[in-house]
>>> print(open('protein_5.txt').read())   # compact mmCIF, C-alpha atoms
# COMPACT_ATOMS: atom_id res chain seq x y z
CA MET U 1 -9.75 32.04 -37.79
CA SER U 2 -9.86 29.54 -34.93
CA THR U 3 -7.05 29.81 -32.40
CA HIS U 4 -7.58 26.25 -31.18
CA GLY U 5 -6.24 24.51 -34.28
CA PRO U 6 -2.51 24.76 -33.53
CA TYR U 7 -2.91 23.55 -29.94
CA LEU U 8 -5.24 20.77 -31.04
CA ALA U 9 -2.58 19.64 -33.50
CA GLU U 10 0.02 19.70 -30.72
CA ILE U 11 -2.10 17.51 -28.44
CA ALA U 12 -2.86 15.14 -31.32
CA HIS U 13 0.87 14.91 -32.05
CA LEU U 14 1.61 14.08 -28.42
CA MET U 15 -0.98 11.30 -28.38
CA GLY U 16 -0.08 10.05 -31.85
CA ASP U 17 3.37 8.70 -31.04
CA PRO U 18 3.07 4.90 -30.46
CA ALA U 19 5.23 4.88 -27.31
CA ARG U 20 3.40 7.85 -25.77
CA ALA U 21 0.05 6.38 -26.78
CA ASN U 22 0.87 3.15 -24.97
CA MET U 23 1.96 5.10 -21.88
CA LEU U 24 -1.32 7.00 -21.84
CA HIS U 25 -3.25 3.79 -22.40
CA ALA U 26 -1.49 2.17 -19.43
CA LEU U 27 -2.61 5.03 -17.18
CA MET U 28 -6.26 4.81 -18.22
CA ASP U 29 -7.15 2.85 -15.08
CA GLY U 30 -6.30 5.82 -12.86
CA ARG U 31 -3.12 4.31 -11.43
CA ALA U 32 0.14 6.17 -10.99
CA LEU U 33 3.18 4.43 -12.48
CA THR U 34 6.91 5.08 -12.42
CA ALA U 35 8.95 6.00 -15.48
CA LYS U 36 10.55 2.55 -15.40
CA GLU U 37 7.17 0.83 -15.46
CA LEU U 38 5.92 3.05 -18.27
CA ALA U 39 9.12 2.46 -20.26
CA TRP U 40 8.55 -1.30 -20.05
CA LEU U 41 4.90 -0.99 -21.04
CA ALA U 42 5.79 1.27 -23.97
CA GLY U 43 8.65 -0.97 -25.09
CA VAL U 44 11.27 1.78 -25.04
CA ALA U 45 14.50 2.45 -23.16
CA PRO U 46 14.24 4.37 -19.84
CA GLN U 47 16.08 7.37 -21.31
CA THR U 48 13.67 7.48 -24.24
CA ALA U 49 10.71 7.17 -21.87
CA SER U 50 11.94 10.16 -19.85
CA GLY U 51 11.82 12.31 -22.97
CA HIS U 52 8.32 11.16 -23.81
CA LEU U 53 7.09 11.78 -20.26
CA ALA U 54 8.55 15.28 -20.24
CA LYS U 55 6.64 16.11 -23.42
CA LEU U 56 3.38 14.69 -22.05
CA MET U 57 3.76 16.73 -18.88
CA GLN U 58 4.56 19.87 -20.83
CA GLY U 59 1.42 19.29 -22.90
CA GLY U 60 -0.70 19.04 -19.76
CA LEU U 61 -1.62 15.40 -20.26
CA LEU U 62 0.24 14.02 -17.24
CA THR U 63 1.00 15.07 -13.68
CA VAL U 64 3.70 13.71 -11.39
CA ALA U 65 3.83 13.04 -7.65
CA VAL U 66 7.14 12.64 -5.84
CA GLN U 67 7.43 10.19 -2.96
CA GLY U 68 10.94 9.81 -1.63
CA ARG U 69 13.21 8.78 -4.48
CA HIS U 70 10.35 7.80 -6.75
CA ARG U 71 8.29 9.84 -9.20
CA TYR U 72 4.81 8.57 -10.08
CA PHE U 73 3.05 9.66 -13.26
CA ARG U 74 -0.71 9.69 -13.81
CA LEU U 75 -3.21 11.25 -16.21
CA ALA U 76 -3.80 14.93 -15.53
CA GLY U 77 -7.53 14.41 -15.04
CA PRO U 78 -10.72 12.67 -16.20
CA GLU U 79 -10.93 14.93 -19.25
CA VAL U 80 -7.72 13.34 -20.57
CA ALA U 81 -9.19 9.87 -20.05
CA GLN U 82 -12.38 10.98 -21.83
CA ALA U 83 -10.37 12.15 -24.84
CA LEU U 84 -8.46 8.86 -24.94
CA GLU U 85 -11.68 6.84 -24.73
CA GLY U 86 -13.06 8.83 -27.66
CA LEU U 87 -9.96 8.08 -29.72
CA MET U 88 -10.34 4.39 -28.90
CA VAL U 89 -13.86 4.53 -30.36
CA LEU U 90 -12.41 5.86 -33.61
CA ALA U 91 -9.55 3.37 -33.59
CA GLY U 92 -11.97 0.51 -33.04
CA THR U 93 -13.81 1.20 -36.28
CA GLU U 94 -10.87 -0.22 -38.20
CA THR U 95 -10.60 -4.00 -38.11
CA GLY U 96 -7.63 -6.19 -38.82
CA ARG U 97 -4.18 -5.50 -37.49
CA ARG U 98 -5.33 -3.34 -34.56
CA ARG U 99 -7.55 -6.01 -33.06
CA LEU U 100 -6.65 -7.20 -29.55
CA PRO U 101 -5.78 -10.84 -28.86
CA SER U 102 -9.06 -12.66 -28.17
CA ARG U 103 -8.56 -13.21 -24.42
CA VAL U 104 -7.41 -9.64 -23.74
CA GLY U 105 -10.19 -8.20 -25.89
CA ALA U 106 -12.84 -10.31 -24.14
CA GLU U 107 -11.65 -9.34 -20.66
CA LEU U 108 -11.56 -5.62 -21.42
CA SER U 109 -14.90 -5.70 -23.20
CA GLU U 110 -16.54 -7.50 -20.29
CA ALA U 111 -15.48 -5.12 -17.51
CA ARG U 112 -12.70 -2.57 -17.13
CA THR U 113 -11.93 0.78 -15.61
CA CYS U 114 -12.10 3.94 -17.69
CA TYR U 115 -9.89 6.16 -15.53
CA ASP U 116 -11.92 6.04 -12.27
CA HIS U 117 -15.26 4.54 -13.36
CA PHE U 118 -16.49 1.29 -14.91
CA ALA U 119 -16.65 0.61 -18.64
CA GLY U 120 -17.34 -2.38 -20.85
CA ARG U 121 -20.48 -4.43 -20.39
CA LEU U 122 -20.38 -3.82 -16.64
CA GLY U 123 -20.45 -0.04 -17.07
CA ILE U 124 -23.11 -0.30 -19.78
CA ALA U 125 -25.29 -2.50 -17.55
CA ILE U 126 -25.21 0.03 -14.70
CA HIS U 127 -25.98 2.93 -17.05
CA ASP U 128 -28.79 1.14 -18.87
CA ALA U 129 -30.51 -0.04 -15.67
CA LEU U 130 -30.52 3.51 -14.28
CA VAL U 131 -31.88 4.94 -17.54
CA ALA U 132 -34.52 2.23 -18.05
CA GLY U 133 -35.75 2.59 -14.48
CA GLY U 134 -36.18 6.36 -14.78
CA HIS U 135 -33.54 7.00 -12.13
CA LEU U 136 -31.66 9.60 -14.20
CA THR U 137 -32.71 12.99 -15.50
CA VAL U 138 -31.00 14.98 -18.23
CA ALA U 139 -29.13 17.91 -16.68
CA ASP U 140 -26.65 20.52 -17.89
CA GLY U 141 -23.41 18.78 -18.80
CA GLY U 142 -24.65 15.33 -17.89
CA TYR U 143 -27.25 13.52 -15.79
CA GLY U 144 -29.08 14.26 -12.58
CA LEU U 145 -30.62 11.78 -10.15
CA THR U 146 -34.30 11.37 -9.44
CA GLY U 147 -35.44 10.53 -5.92
CA SER U 148 -35.37 6.84 -6.75
CA GLY U 149 -31.88 7.24 -8.17
CA GLU U 150 -30.65 8.85 -4.97
CA ALA U 151 -32.18 5.94 -3.02
CA ILE U 152 -30.32 3.43 -5.21
CA PHE U 153 -26.94 5.07 -4.69
CA ALA U 154 -27.66 5.32 -0.96
CA ALA U 155 -28.52 1.60 -0.88
CA LEU U 156 -25.18 0.90 -2.54
CA GLY U 157 -23.41 2.97 0.12
CA VAL U 158 -22.51 5.88 -2.14
CA ALA U 159 -22.94 9.36 -0.67
CA PRO U 160 -24.42 12.23 -2.75
CA ALA U 161 -22.00 14.19 -4.90
CA ASN U 162 -20.39 17.37 -3.63
CA LYS U 163 -22.48 20.11 -5.23
CA THR U 164 -19.58 22.58 -5.08
CA SER U 165 -17.40 20.34 -7.27
CA ARG U 166 -16.73 21.55 -10.80
CA ARG U 167 -16.85 17.97 -12.06
CA ALA U 168 -20.21 16.62 -13.24
CA ALA U 169 -21.71 14.13 -10.81
CA LEU U 170 -22.92 11.87 -13.62
CA ARG U 171 -22.47 12.07 -17.37
CA PRO U 172 -22.47 9.70 -20.35
CA CYS U 173 -19.08 8.51 -21.64
CA LEU U 174 -19.00 6.74 -25.00
CA ASP U 175 -17.70 3.19 -24.54
CA TRP U 176 -15.11 2.21 -27.16
CA SER U 177 -15.90 -1.52 -27.06
CA GLU U 178 -19.70 -1.34 -26.85
CA ARG U 179 -20.27 1.88 -28.86
CA ARG U 180 -22.84 2.99 -26.29
CA PRO U 181 -22.52 5.23 -23.23
CA HIS U 182 -21.44 4.04 -19.83
CA LEU U 183 -21.65 6.19 -16.71
CA ALA U 184 -18.86 8.66 -15.81
CA GLY U 185 -18.54 11.52 -13.32
CA SER U 186 -17.78 11.86 -9.64
CA LEU U 187 -20.69 9.66 -8.51
CA ALA U 188 -19.72 6.94 -10.99
CA ALA U 189 -16.17 7.13 -9.61
CA ALA U 190 -17.50 6.88 -6.05
CA LEU U 191 -19.53 3.82 -7.02
CA ALA U 192 -16.45 2.16 -8.51
CA CYS U 193 -14.48 2.94 -5.35
CA ARG U 194 -17.26 1.43 -3.25
CA CYS U 195 -17.30 -1.73 -5.37
CA PHE U 196 -13.54 -2.18 -4.94
CA GLU U 197 -13.72 -1.55 -1.17
CA THR U 198 -16.46 -4.14 -0.66
CA GLY U 199 -14.91 -6.72 -2.98
CA TRP U 200 -17.90 -6.58 -5.32
CA VAL U 201 -15.44 -5.91 -8.12
CA GLN U 202 -11.80 -7.00 -8.14
CA ARG U 203 -8.90 -5.59 -10.12
CA ARG U 204 -6.79 -7.79 -12.35
CA LYS U 205 -3.04 -7.57 -12.12
CA ASP U 206 -1.35 -5.38 -14.74
CA SER U 207 -4.59 -4.72 -16.60
CA ARG U 208 -7.53 -2.34 -16.79
CA ALA U 209 -9.78 -5.38 -16.83
CA VAL U 210 -11.75 -6.03 -13.65
CA THR U 211 -13.90 -8.91 -12.42
CA LEU U 212 -17.46 -8.60 -11.14
CA THR U 213 -17.69 -11.15 -8.32
CA GLU U 214 -20.81 -13.17 -7.61
CA VAL U 215 -21.28 -11.20 -4.38
CA GLY U 216 -21.04 -7.99 -6.39
CA ARG U 217 -23.44 -9.26 -9.03
CA ALA U 218 -25.98 -10.05 -6.30
CA ALA U 219 -25.49 -6.67 -4.58
CA LEU U 220 -25.96 -4.67 -7.79
CA THR U 221 -28.93 -6.79 -8.88
CA THR U 222 -30.64 -6.29 -5.51
CA ALA U 223 -30.05 -2.52 -5.26
CA LEU U 224 -30.48 -1.70 -8.95
CA PRO U 225 -33.59 -3.31 -10.50
CA GLY U 226 -32.99 -4.25 -14.12
CA PHE U 227 -29.23 -4.62 -13.71
CA ARG U 228 -27.96 -7.52 -15.77
CA CYS U 229 -24.37 -8.31 -16.58
CA ASP U 230 -24.10 -11.95 -17.55
CA ALA U 231 -20.96 -13.85 -16.67
CA PRO U 232 -18.52 -13.99 -19.62
CA GLU U 233 -18.29 -17.13 -21.70
CA PRO U 234 -14.98 -19.04 -21.60
CA VAL U 235 -12.41 -17.78 -24.07
CA SER U 236 -9.99 -20.15 -25.76
CA PRO U 237 -6.32 -19.50 -24.89
CA ALA U 238 -4.55 -17.05 -27.14
CA VAL U 239 -0.87 -16.55 -27.83
CA PRO U 240 0.28 -13.60 -25.68
CA ALA U 241 1.00 -10.47 -27.69
CA PRO U 242 1.73 -6.84 -26.77
CA ALA U 243 -1.38 -4.65 -26.84
CA PRO U 244 -1.18 -2.05 -29.64
CA ALA U 245 -1.59 1.66 -29.01
CA PHE U 246 -5.18 2.58 -28.11
CA ALA U 247 -6.30 -1.00 -28.48
>>> encode(input="protein_5.txt", output="C-alpha cells")
Amino acid sequence: MSTHGPYLAEIAHLMGDPARANMLHALMDGRALTAKELAWLAGVAPQTASGHLAKLMQGGLLTVAVQGRHRYFRLAGPEVAQALEGLMVLAGTETGRRRLPSRVGAELSEARTCYDHFAGRLGIAIHDALVAGGHLTVADGGYGLTGSGEAIFAALGVAPANKTSRRAALRPCLDWSERRPHLAGSLAAALACRCFETGWVQRRKDSRAVTLTEVGRAALTTALPGFRCDAPEPVSPAVPAPAPAFA
C-alpha cells in the first residue's frame, strides 16, 4: 500500500480551501506578502487569515521571513509553484463560472510570472525559439544547453547555472493558459531577473501580469533568432471582479 496517499490528501486539502487557494495564487509571482495583504487578497478577516497561514506553513507550502515588526510570507519553493501551475491547467479545462474577466485573462495569458520565471505567450515564445533553433538538449530532469544556447544566454547577460545547485538549470513547465511548456529552472529565473533589471520586462502593480517593452522585444529578437511575441490586441474594458481561486 502506498504511504503517500494520506499526505497527498492533506496537501490537496490545504490547497482546496478557497481562501488558502487565493493566498497561494497571490504568491505565485515570487513576492513575499504580509498576513494583512494576504487577508485582503483572500477576502477574509485578518484573524481568519492567520489560521490559514499557520496551516499552510505547517504543511510546508509557505515560509516566513521576519523583518522588524513585520512577517512576510512566500511560497516554500519552486516545486510549490509548479504544483499550483499544474492545478491551474486542470482548473482551466472547465469553462463557465471559473473564467477570468476578459482584461485580466488577456493580460495574464500574454505575459506573467510563474514564481520566478516567465509564463504565458512570452514564456512560450522564449521556450519555442530555443527548441526550434536547436539550442536545447534533453537532459536528466529537464533541458541542457548546446554551445549555441550558451552563447544566447551569454548575449542576454545571463551567466551559466551553478552546477552544484540541486535545482535544474532548465526544465519544461506546463503553461496553464497556453497548454504548452514554457521554460522554468534556475537559468529561466536568471533570465527573468535580467529582463526586470534592464527594463526589458516591467511588472504590473498588484498582478502577476508583466509587460514586454519594445526595448525588450528588440533585445530578445536580436539575441534569440526565431523569438516572436506579438504585441497584444486591445481588450475592451471589463467590469472589475475578484479573481477566483486558481484562475
>>> closest_residue(input="protein_5.txt", among="U:Tyr7, U:Phe196, U:Gln58, U:Phe73", to="Ala35 (chain U)", atoms="all atoms listed in the file")
U:Phe73
>>> atom_distance(input="protein_5.txt", atom1="CA of Ala83 (chain U)", atom2="CA of Asn22 (chain U)")
14.4 Å
>>> residues_around(input="protein_5.txt", residues="Ala32 (chain U)", least_positions_apart="2", cutoff="12 Å", atoms="all atoms listed in the file", output="list in words")
Met23, Leu24, Ala26, Leu27, Met28, Asp29, Gly30, Thr34, Ala35, Lys36, Glu37, Leu38, Leu62, Thr63, Val64, Ala65, Val66, Gln67, His70, Arg71, Tyr72, Phe73, Arg74, Leu75, Ala76, Gly77 and Tyr115 of chain U
>>> closest_residue(input="protein_5.txt", among="U:Gly120, U:Gly59, U:Pro181, U:Pro78", to="Ala209 (chain U)", atoms="all atoms listed in the file")
U:Gly120
>>> atom_distance(input="protein_5.txt", atom1="CA of Ala168 (chain U)", atom2="CA of Ala189 (chain U)")
10.9 Å
>>> atom_distance(input="protein_5.txt", atom1="CA of Pro160 (chain U)", atom2="CA of Ala188 (chain U)")
10.9 Å
>>> closest_residue(input="protein_5.txt", among="U:Arg208, U:Arg112, U:Arg166, U:Arg171", to="Thr137 (chain U)", atoms="all atoms listed in the file")
U:Arg171
>>> closest_residue(input="protein_5.txt", among="U:Arg31, U:His182, U:His52, U:His135", to="Pro18 (chain U)", atoms="all atoms listed in the file")
U:His52
>>> residues_around(input="protein_5.txt", residues="Ser50 (chain U)", least_positions_apart="4", cutoff="9 Å", atoms="all atoms listed in the file", output="CSV table (one decimal) with C-alpha atoms, in the coordinates of the input")
chain,number,residue,atom,x,y,z
U,35,ALA,CA,9.0,6.0,-15.5
U,36,LYS,CA,10.6,2.6,-15.4
U,39,ALA,CA,9.1,2.5,-20.3
U,45,ALA,CA,14.5,2.4,-23.2
U,46,PRO,CA,14.2,4.4,-19.8
U,54,ALA,CA,8.6,15.3,-20.2
U,55,LYS,CA,6.6,16.1,-23.4
>>> closest_residue(input="protein_5.txt", among="U:Arg194, U:Arg69, U:Arg203, U:Arg167", to="Leu220 (chain U)", atoms="all atoms listed in the file")
U:Arg194
>>> closest_residue(input="protein_5.txt", among="U:Leu53, U:Leu145, U:Leu130, U:Ala125", to="Cys229 (chain U)", atoms="only C-alpha atoms")
U:Ala125
>>> axis_aligned_box(input="protein_5.txt", around="region 47-60 of chain U", padding_each_side="8 Å", output="AutoDock Vina command-line options")
--center_x 7.7 --center_y 13.5 --center_z -21.6 --size_x 32.8 --size_y 28.7 --size_z 21.4
>>> residues_around(input="protein_5.txt", residues="Gly149 (chain U)", least_positions_apart="4", cutoff="12 Å", atoms="only C-alpha atoms", output="PDB file with C-alpha atoms, keeping the file's coordinate frame")
ATOM      1  CA  ILE U 126     -25.210   0.030 -14.700  1.00  0.00           C
ATOM      2  CA  HIS U 127     -25.980   2.930 -17.050  1.00  0.00           C
ATOM      3  CA  ALA U 129     -30.510  -0.040 -15.670  1.00  0.00           C
ATOM      4  CA  LEU U 130     -30.520   3.510 -14.280  1.00  0.00           C
ATOM      5  CA  VAL U 131     -31.880   4.940 -17.540  1.00  0.00           C
ATOM      6  CA  ALA U 132     -34.520   2.230 -18.050  1.00  0.00           C
ATOM      7  CA  GLY U 133     -35.750   2.590 -14.480  1.00  0.00           C
ATOM      8  CA  GLY U 134     -36.180   6.360 -14.780  1.00  0.00           C
ATOM      9  CA  HIS U 135     -33.540   7.000 -12.130  1.00  0.00           C
ATOM     10  CA  LEU U 136     -31.660   9.600 -14.200  1.00  0.00           C
ATOM     11  CA  THR U 137     -32.710  12.990 -15.500  1.00  0.00           C
ATOM     12  CA  TYR U 143     -27.250  13.520 -15.790  1.00  0.00           C
ATOM     13  CA  GLY U 144     -29.080  14.260 -12.580  1.00  0.00           C
ATOM     14  CA  LEU U 145     -30.620  11.780 -10.150  1.00  0.00           C
ATOM     15  CA  PHE U 153     -26.940   5.070  -4.690  1.00  0.00           C
ATOM     16  CA  ALA U 154     -27.660   5.320  -0.960  1.00  0.00           C
ATOM     17  CA  ALA U 155     -28.520   1.600  -0.880  1.00  0.00           C
ATOM     18  CA  LEU U 156     -25.180   0.900  -2.540  1.00  0.00           C
ATOM     19  CA  VAL U 158     -22.510   5.880  -2.140  1.00  0.00           C
ATOM     20  CA  ALA U 159     -22.940   9.360  -0.670  1.00  0.00           C
ATOM     21  CA  PRO U 160     -24.420  12.230  -2.750  1.00  0.00           C
ATOM     22  CA  LEU U 170     -22.920  11.870 -13.620  1.00  0.00           C
ATOM     23  CA  LEU U 187     -20.690   9.660  -8.510  1.00  0.00           C
ATOM     24  CA  ALA U 223     -30.050  -2.520  -5.260  1.00  0.00           C
ATOM     25  CA  LEU U 224     -30.480  -1.700  -8.950  1.00  0.00           C
ATOM     26  CA  PRO U 225     -33.590  -3.310 -10.500  1.00  0.00           C
TER      27      PRO U 225
END
>>> closest_atom_pairs(input="protein_5.txt", of="region 44-143 of chain U", to="region 211-218 of chain U", cutoff="9 Å", atoms="only C-alpha atoms", output="tab-separated table")
residue	atom	partner	partner_atom	distance
U:Glu107	CA	U:Thr211	CA	8.6
U:Glu110	CA	U:Thr211	CA	8.4
U:Ala111	CA	U:Thr211	CA	6.5
U:Arg112	CA	U:Thr211	CA	8.0
U:Leu122	CA	U:Leu212	CA	7.9
>>> decode(input="protein_5.txt", residues="region 167-191 of chain U", atoms="N, CA, C and O atoms", output="PDB file, in the first residue's frame")
ATOM      1  N   ARG U 167      18.783  22.383  -8.021  1.00  0.00           N
ATOM      2  CA  ARG U 167      17.681  22.773  -8.891  1.00  0.00           C
ATOM      3  C   ARG U 167      18.110  22.654 -10.353  1.00  0.00           C
ATOM      4  O   ARG U 167      19.227  23.013 -10.715  1.00  0.00           O
ATOM      5  N   ALA U 168      17.215  22.126 -11.184  1.00  0.00           N
ATOM      6  CA  ALA U 168      17.509  22.001 -12.612  1.00  0.00           C
ATOM      7  C   ALA U 168      17.744  23.378 -13.219  1.00  0.00           C
ATOM      8  O   ALA U 168      17.045  24.343 -12.891  1.00  0.00           O
ATOM      9  N   ALA U 169      18.735  23.472 -14.099  1.00  0.00           N
ATOM     10  CA  ALA U 169      19.018  24.750 -14.745  1.00  0.00           C
ATOM     11  C   ALA U 169      17.879  25.155 -15.674  1.00  0.00           C
ATOM     12  O   ALA U 169      17.453  26.313 -15.688  1.00  0.00           O
ATOM     13  N   LEU U 170      17.374  24.208 -16.440  1.00  0.00           N
ATOM     14  CA  LEU U 170      16.274  24.457 -17.358  1.00  0.00           C
ATOM     15  C   LEU U 170      15.372  23.218 -17.395  1.00  0.00           C
ATOM     16  O   LEU U 170      15.868  22.096 -17.476  1.00  0.00           O
ATOM     17  N   ARG U 171      14.086  23.448 -17.375  1.00  0.00           N
ATOM     18  CA  ARG U 171      13.142  22.340 -17.486  1.00  0.00           C
ATOM     19  C   ARG U 171      11.824  22.875 -18.041  1.00  0.00           C
ATOM     20  O   ARG U 171      11.510  24.061 -17.918  1.00  0.00           O
ATOM     21  N   PRO U 172      11.030  21.998 -18.665  1.00  0.00           N
ATOM     22  CA  PRO U 172       9.719  22.436 -19.149  1.00  0.00           C
ATOM     23  C   PRO U 172       8.728  22.547 -18.005  1.00  0.00           C
ATOM     24  O   PRO U 172       8.758  21.761 -17.054  1.00  0.00           O
ATOM     25  N   CYS U 173       7.865  23.538 -18.070  1.00  0.00           N
ATOM     26  CA  CYS U 173       6.804  23.739 -17.074  1.00  0.00           C
ATOM     27  C   CYS U 173       5.521  23.977 -17.855  1.00  0.00           C
ATOM     28  O   CYS U 173       5.448  24.907 -18.662  1.00  0.00           O
ATOM     29  N   LEU U 174       4.524  23.124 -17.661  1.00  0.00           N
ATOM     30  CA  LEU U 174       3.292  23.202 -18.442  1.00  0.00           C
ATOM     31  C   LEU U 174       2.546  24.493 -18.130  1.00  0.00           C
ATOM     32  O   LEU U 174       2.235  24.788 -16.990  1.00  0.00           O
ATOM     33  N   ASP U 175       2.268  25.268 -19.157  1.00  0.00           N
ATOM     34  CA  ASP U 175       1.627  26.572 -19.029  1.00  0.00           C
ATOM     35  C   ASP U 175       0.110  26.407 -18.974  1.00  0.00           C
ATOM     36  O   ASP U 175      -0.486  25.808 -19.862  1.00  0.00           O
ATOM     37  N   TRP U 176      -0.521  26.939 -17.921  1.00  0.00           N
ATOM     38  CA  TRP U 176      -1.959  26.701 -17.746  1.00  0.00           C
ATOM     39  C   TRP U 176      -2.820  27.439 -18.770  1.00  0.00           C
ATOM     40  O   TRP U 176      -3.908  26.987 -19.099  1.00  0.00           O
ATOM     41  N   SER U 177      -2.338  28.559 -19.303  1.00  0.00           N
ATOM     42  CA  SER U 177      -3.151  29.304 -20.267  1.00  0.00           C
ATOM     43  C   SER U 177      -2.918  28.856 -21.702  1.00  0.00           C
ATOM     44  O   SER U 177      -3.824  28.913 -22.530  1.00  0.00           O
ATOM     45  N   GLU U 178      -1.705  28.395 -22.011  1.00  0.00           N
ATOM     46  CA  GLU U 178      -1.367  28.009 -23.378  1.00  0.00           C
ATOM     47  C   GLU U 178      -1.379  26.502 -23.594  1.00  0.00           C
ATOM     48  O   GLU U 178      -1.339  26.034 -24.730  1.00  0.00           O
ATOM     49  N   ARG U 179      -1.375  25.730 -22.510  1.00  0.00           N
ATOM     50  CA  ARG U 179      -1.384  24.262 -22.579  1.00  0.00           C
ATOM     51  C   ARG U 179      -0.141  23.699 -23.265  1.00  0.00           C
ATOM     52  O   ARG U 179      -0.172  22.623 -23.848  1.00  0.00           O
ATOM     53  N   ARG U 180       0.930  24.454 -23.247  1.00  0.00           N
ATOM     54  CA  ARG U 180       2.212  24.011 -23.789  1.00  0.00           C
ATOM     55  C   ARG U 180       3.293  24.419 -22.807  1.00  0.00           C
ATOM     56  O   ARG U 180       3.069  25.274 -21.951  1.00  0.00           O
ATOM     57  N   PRO U 181       4.485  23.837 -22.890  1.00  0.00           N
ATOM     58  CA  PRO U 181       5.510  24.161 -21.899  1.00  0.00           C
ATOM     59  C   PRO U 181       6.171  25.510 -22.116  1.00  0.00           C
ATOM     60  O   PRO U 181       6.430  25.922 -23.243  1.00  0.00           O
ATOM     61  N   HIS U 182       6.395  26.206 -21.009  1.00  0.00           N
ATOM     62  CA  HIS U 182       7.314  27.340 -21.024  1.00  0.00           C
ATOM     63  C   HIS U 182       8.575  26.903 -20.285  1.00  0.00           C
ATOM     64  O   HIS U 182       8.676  25.755 -19.848  1.00  0.00           O
ATOM     65  N   LEU U 183       9.531  27.781 -20.150  1.00  0.00           N
ATOM     66  CA  LEU U 183      10.837  27.418 -19.612  1.00  0.00           C
ATOM     67  C   LEU U 183      10.929  27.783 -18.127  1.00  0.00           C
ATOM     68  O   LEU U 183      10.681  28.931 -17.745  1.00  0.00           O
ATOM     69  N   ALA U 184      11.285  26.794 -17.307  1.00  0.00           N
ATOM     70  CA  ALA U 184      11.485  27.003 -15.866  1.00  0.00           C
ATOM     71  C   ALA U 184      12.898  26.577 -15.494  1.00  0.00           C
ATOM     72  O   ALA U 184      13.674  26.134 -16.342  1.00  0.00           O
ATOM     73  N   GLY U 185      13.252  26.720 -14.221  1.00  0.00           N
ATOM     74  CA  GLY U 185      14.589  26.361 -13.757  1.00  0.00           C
ATOM     75  C   GLY U 185      15.404  27.584 -13.388  1.00  0.00           C
ATOM     76  O   GLY U 185      14.979  28.730 -13.589  1.00  0.00           O
ATOM     77  N   SER U 186      16.583  27.339 -12.845  1.00  0.00           N
ATOM     78  CA  SER U 186      17.403  28.438 -12.342  1.00  0.00           C
ATOM     79  C   SER U 186      17.855  29.402 -13.442  1.00  0.00           C
ATOM     80  O   SER U 186      17.923  30.616 -13.226  1.00  0.00           O
ATOM     81  N   LEU U 187      18.148  28.886 -14.642  1.00  0.00           N
ATOM     82  CA  LEU U 187      18.552  29.763 -15.738  1.00  0.00           C
ATOM     83  C   LEU U 187      17.375  30.595 -16.241  1.00  0.00           C
ATOM     84  O   LEU U 187      17.540  31.769 -16.602  1.00  0.00           O
ATOM     85  N   ALA U 188      16.184  29.995 -16.271  1.00  0.00           N
ATOM     86  CA  ALA U 188      14.999  30.741 -16.670  1.00  0.00           C
ATOM     87  C   ALA U 188      14.710  31.847 -15.652  1.00  0.00           C
ATOM     88  O   ALA U 188      14.302  32.953 -16.024  1.00  0.00           O
ATOM     89  N   ALA U 189      14.941  31.547 -14.377  1.00  0.00           N
ATOM     90  CA  ALA U 189      14.758  32.559 -13.333  1.00  0.00           C
ATOM     91  C   ALA U 189      15.783  33.676 -13.485  1.00  0.00           C
ATOM     92  O   ALA U 189      15.465  34.860 -13.307  1.00  0.00           O
ATOM     93  N   ALA U 190      17.020  33.303 -13.812  1.00  0.00           N
ATOM     94  CA  ALA U 190      18.067  34.315 -14.003  1.00  0.00           C
ATOM     95  C   ALA U 190      17.751  35.202 -15.204  1.00  0.00           C
ATOM     96  O   ALA U 190      18.006  36.413 -15.183  1.00  0.00           O
ATOM     97  N   LEU U 191      17.178  34.617 -16.255  1.00  0.00           N
ATOM     98  CA  LEU U 191      16.796  35.395 -17.426  1.00  0.00           C
ATOM     99  C   LEU U 191      15.693  36.387 -17.066  1.00  0.00           C
ATOM    100  O   LEU U 191      15.734  37.551 -17.479  1.00  0.00           O
TER     101      LEU U 191
END
